[in-house]
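Peer 1: Have a look at this one.
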Amino acid sequence: EDLRSKIATKDYVPDPGVVDYILRPLNVIAKLIMIMKPREDNFSRPMFDITIDLDQISFNINKKQYSDMLDLLEFQDYIMLKTKFIKYRPKNTIKDKNTKEWWVFAYNAIVNEDVRPHFDCYKWENIKAHLDRCREYRKIRFQELTGKISNEQKQRAQEIEKKLDVFNLTYLRRSAEIEAQKKKEQEPKSWWGGVSSWWSGSTNKDPELDLENVMSPDEKKKLFGAIGYEGDDTSSAGYPKE
């Protein structure tokens, strides 16, 4: 009940001595007036008129709050380190005075987390696996640019993207784009391709959806007026000079 009584509301804000706020509660009232057709008013009023009322804003942090924030950050670092090395930690506690197990723990933690990952990059197995992933991703990207790929290939590409860094992804994508562009330029342009593209383009138009030819000027005017559309003469173009 005591904590609930200290919660700030619209009509009540506790005094600074009762609750130490870092950012005090804000009471903001915003009003927006939007003119859909400013041309009708001869641009005498702005298109957007926003009024914001802010009573007060206060940001303050005292010495205790600053100390608590540092303790929180330190605790988060401790949790991250503990999560990283807890798998090497021996079951016995330090009070058991088993020095050998704790030295083995320190050795395994440093070698497995710092030393071995660095040398694993230079193993032939890892280098070969990395090159295979790059070749596979470049091949999938090339097929995507020149044709269609299956859903399995898309999923495989997403899996590879998680294992590659930004530099390799950028390089592979760009090289695939260059190769795809060269292939398109080298393809012979036959008269049948032009005829087929013209034929497919002419049959894609649906006369029932061609509003320019189906609707009369009066019908267009009514439709545009209902949705607030000015047609070619939009309100956002041709503003008067200041």
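Ordered as shown in the structure tokens, chains take letters A, B, and onward, while each chain numbers its residues from 1 and ligands are numbered from 1 in the order shown.
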Would you pick out the contacts of range 58-62 of chain A at 12 Å or less, using only C-alpha atoms, so that residues sharing its chain but fewer than 2 positions from it are not included, and give the list as a list in words?

Peer 2: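 The residues that qualify are Pro16, Val19, Asp20, Tyr21, Ile22, Leu23, Arg24, Pro25, Leu26, Asn27, Leu54, Asp55, Gln56, Lys64, Gln65, Tyr66, Ser67, Asp68 and Met69 of chain A.
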
Peer 1: Give me the residues near Ile160 in chain A as an NGL selection string, where near means some atom within 10 Å (using only C-alpha atoms) and where sequence neighbours in that chain fewer than 6 positions away do not count.

Peer 2: :A and (130 or 133-134 or 136-137 or 154 or 169)

Peer 1: Would you output that residue set with C-alpha atoms, as a JSON list (two decimals), in the first residue's frame?

Peer 2:
```
[["chain", "number", "residue", "atom", "x", "y", "z"],
["A", 130, "HIS", "CA", 34.82, -21.87, -44.49],
["A", 133, "ARG", "CA", 30.46, -22.31, -47.21],
["A", 134, "CYS", "CA", 31.61, -19.33, -49.27],
["A", 136, "GLU", "CA", 27.97, -22.66, -51.68],
["A", 137, "TYR", "CA", 26.59, -19.27, -50.69],
["A", 154, "LYS", "CA", 16.83, -20.19, -49.21],
["A", 169, "LEU", "CA", 28.86, -11.66, -47.14]]
```

Peer 1: Rank nothing, just name the residue among A:Asp71, A:Glu179, A:Glu113, A:Asp2 nearest to Phe142 in chain A, using only C-alpha atoms.

Peer 2: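 Nearest candidate to Phe142 in chain A out of A:Asp71, A:Glu179, A:Glu113, A:Asp2: A:Glu179.
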
Peer 1: Extract the full set of helix (DSSP H, G or I) residues from range 10-170 of chain A according to DSSP on the backbone, and format it as a PyMOL selection string.

Peer 2: chain A and resi 38-41+63-88+94-96+99-120+124-146+151-163+166-170

Peer 1: Deliver the residues from the most recent selection as a file, using C-alpha atoms, as a compact mmCIF listing (two decimals), in the first residue's frame.

Peer 2:
```txt
# COMPACT_ATOMS: atom_id res chain seq x y z
CA PRO A 38 -4.41 23.50 -48.02
CA ARG A 39 -4.99 24.75 -51.57
CA GLU A 40 -8.65 25.36 -50.78
CA ASP A 41 -7.62 27.81 -48.04
CA LYS A 63 25.20 9.77 -5.43
CA LYS A 64 23.39 6.66 -4.20
CA GLN A 65 21.63 6.10 -7.51
CA TYR A 66 24.91 6.46 -9.39
CA SER A 67 26.53 3.92 -7.08
CA ASP A 68 23.62 1.50 -7.58
CA MET A 69 23.96 1.78 -11.36
CA LEU A 70 27.66 0.93 -11.16
CA ASP A 71 26.88 -2.04 -8.93
CA LEU A 72 24.28 -3.25 -11.42
CA LEU A 73 26.72 -3.05 -14.34
CA GLU A 74 29.38 -4.84 -12.32
CA PHE A 75 26.90 -7.56 -11.39
CA GLN A 76 25.96 -8.05 -15.06
CA ASP A 77 29.64 -8.46 -15.98
CA TYR A 78 30.01 -10.99 -13.20
CA ILE A 79 27.02 -13.00 -14.42
CA MET A 80 28.36 -13.02 -17.99
CA LEU A 81 31.76 -14.28 -16.85
CA LYS A 82 30.17 -16.90 -14.63
CA THR A 83 28.00 -18.16 -17.48
CA LYS A 84 31.05 -18.40 -19.73
CA PHE A 85 33.35 -20.32 -17.35
CA ILE A 86 30.93 -22.24 -15.14
CA LYS A 87 31.21 -25.37 -17.30
CA TYR A 88 34.89 -25.69 -16.32
CA ILE A 94 37.23 -23.23 -2.47
CA LYS A 95 36.86 -24.10 1.20
CA ASP A 96 37.78 -27.72 0.43
CA THR A 99 44.38 -26.66 -5.04
CA LYS A 100 44.99 -29.04 -7.95
CA GLU A 101 41.39 -28.94 -9.19
CA TRP A 102 41.31 -25.16 -9.11
CA TRP A 103 44.57 -24.90 -11.06
CA VAL A 104 43.11 -27.29 -13.65
CA PHE A 105 40.00 -25.11 -13.77
CA ALA A 106 42.09 -21.99 -14.46
CA TYR A 107 44.08 -23.82 -17.15
CA ASN A 108 41.00 -25.17 -18.95
CA ALA A 109 39.23 -21.82 -18.83
CA ILE A 110 42.13 -19.91 -20.38
CA VAL A 111 43.13 -22.53 -22.94
CA ASN A 112 39.63 -23.41 -24.15
CA GLU A 113 38.28 -19.86 -24.27
CA ASP A 114 41.30 -17.80 -25.35
CA VAL A 115 44.06 -19.97 -26.81
CA ARG A 116 42.41 -22.78 -28.75
CA PRO A 117 39.78 -20.67 -30.58
CA HIS A 118 42.60 -18.50 -31.92
CA PHE A 119 44.54 -21.47 -33.28
CA ASP A 120 41.43 -23.21 -34.60
CA TRP A 124 42.91 -26.90 -42.46
CA GLU A 125 39.55 -28.46 -41.57
CA ASN A 126 38.12 -25.11 -40.52
CA ILE A 127 39.65 -23.28 -43.49
CA LYS A 128 38.20 -25.84 -45.90
CA ALA A 129 34.77 -25.67 -44.23
CA HIS A 130 34.82 -21.87 -44.49
CA LEU A 131 35.76 -21.96 -48.19
CA ASP A 132 33.04 -24.53 -48.88
CA ARG A 133 30.46 -22.31 -47.21
CA CYS A 134 31.61 -19.33 -49.27
CA ARG A 135 31.40 -21.29 -52.54
CA GLU A 136 27.97 -22.66 -51.68
CA TYR A 137 26.59 -19.27 -50.69
CA ARG A 138 27.98 -17.62 -53.83
CA LYS A 139 26.43 -20.34 -55.99
CA ILE A 140 23.01 -19.93 -54.35
CA ARG A 141 23.21 -16.16 -54.69
CA PHE A 142 24.12 -16.47 -58.38
CA GLN A 143 21.20 -18.82 -59.02
CA GLU A 144 18.87 -16.40 -57.24
CA LEU A 145 19.95 -13.54 -59.50
CA THR A 146 19.78 -15.53 -62.73
CA ASN A 151 12.90 -23.04 -50.37
CA GLU A 152 15.58 -25.45 -49.21
CA GLN A 153 18.24 -23.32 -50.86
CA LYS A 154 16.83 -20.19 -49.21
CA GLN A 155 16.97 -21.85 -45.81
CA ARG A 156 20.49 -23.06 -46.49
CA ALA A 157 21.55 -19.53 -47.47
CA GLN A 158 20.13 -18.17 -44.22
CA GLU A 159 22.05 -20.78 -42.24
CA ILE A 160 25.30 -19.87 -44.00
CA GLU A 161 24.71 -16.15 -43.43
CA LYS A 162 24.73 -16.77 -39.68
CA LYS A 163 28.21 -18.32 -39.92
CA VAL A 166 29.86 -8.98 -42.89
CA PHE A 167 32.99 -8.69 -45.04
CA ASN A 168 32.59 -12.14 -46.59
CA LEU A 169 28.86 -11.66 -47.14
CA THR A 170 29.40 -8.34 -48.89
```

Peer 1: Just how far from CA of Pro217 in chain A is CA of Asn42 in chain A, in Å to one decimal?

Peer 2: 24.5 Å
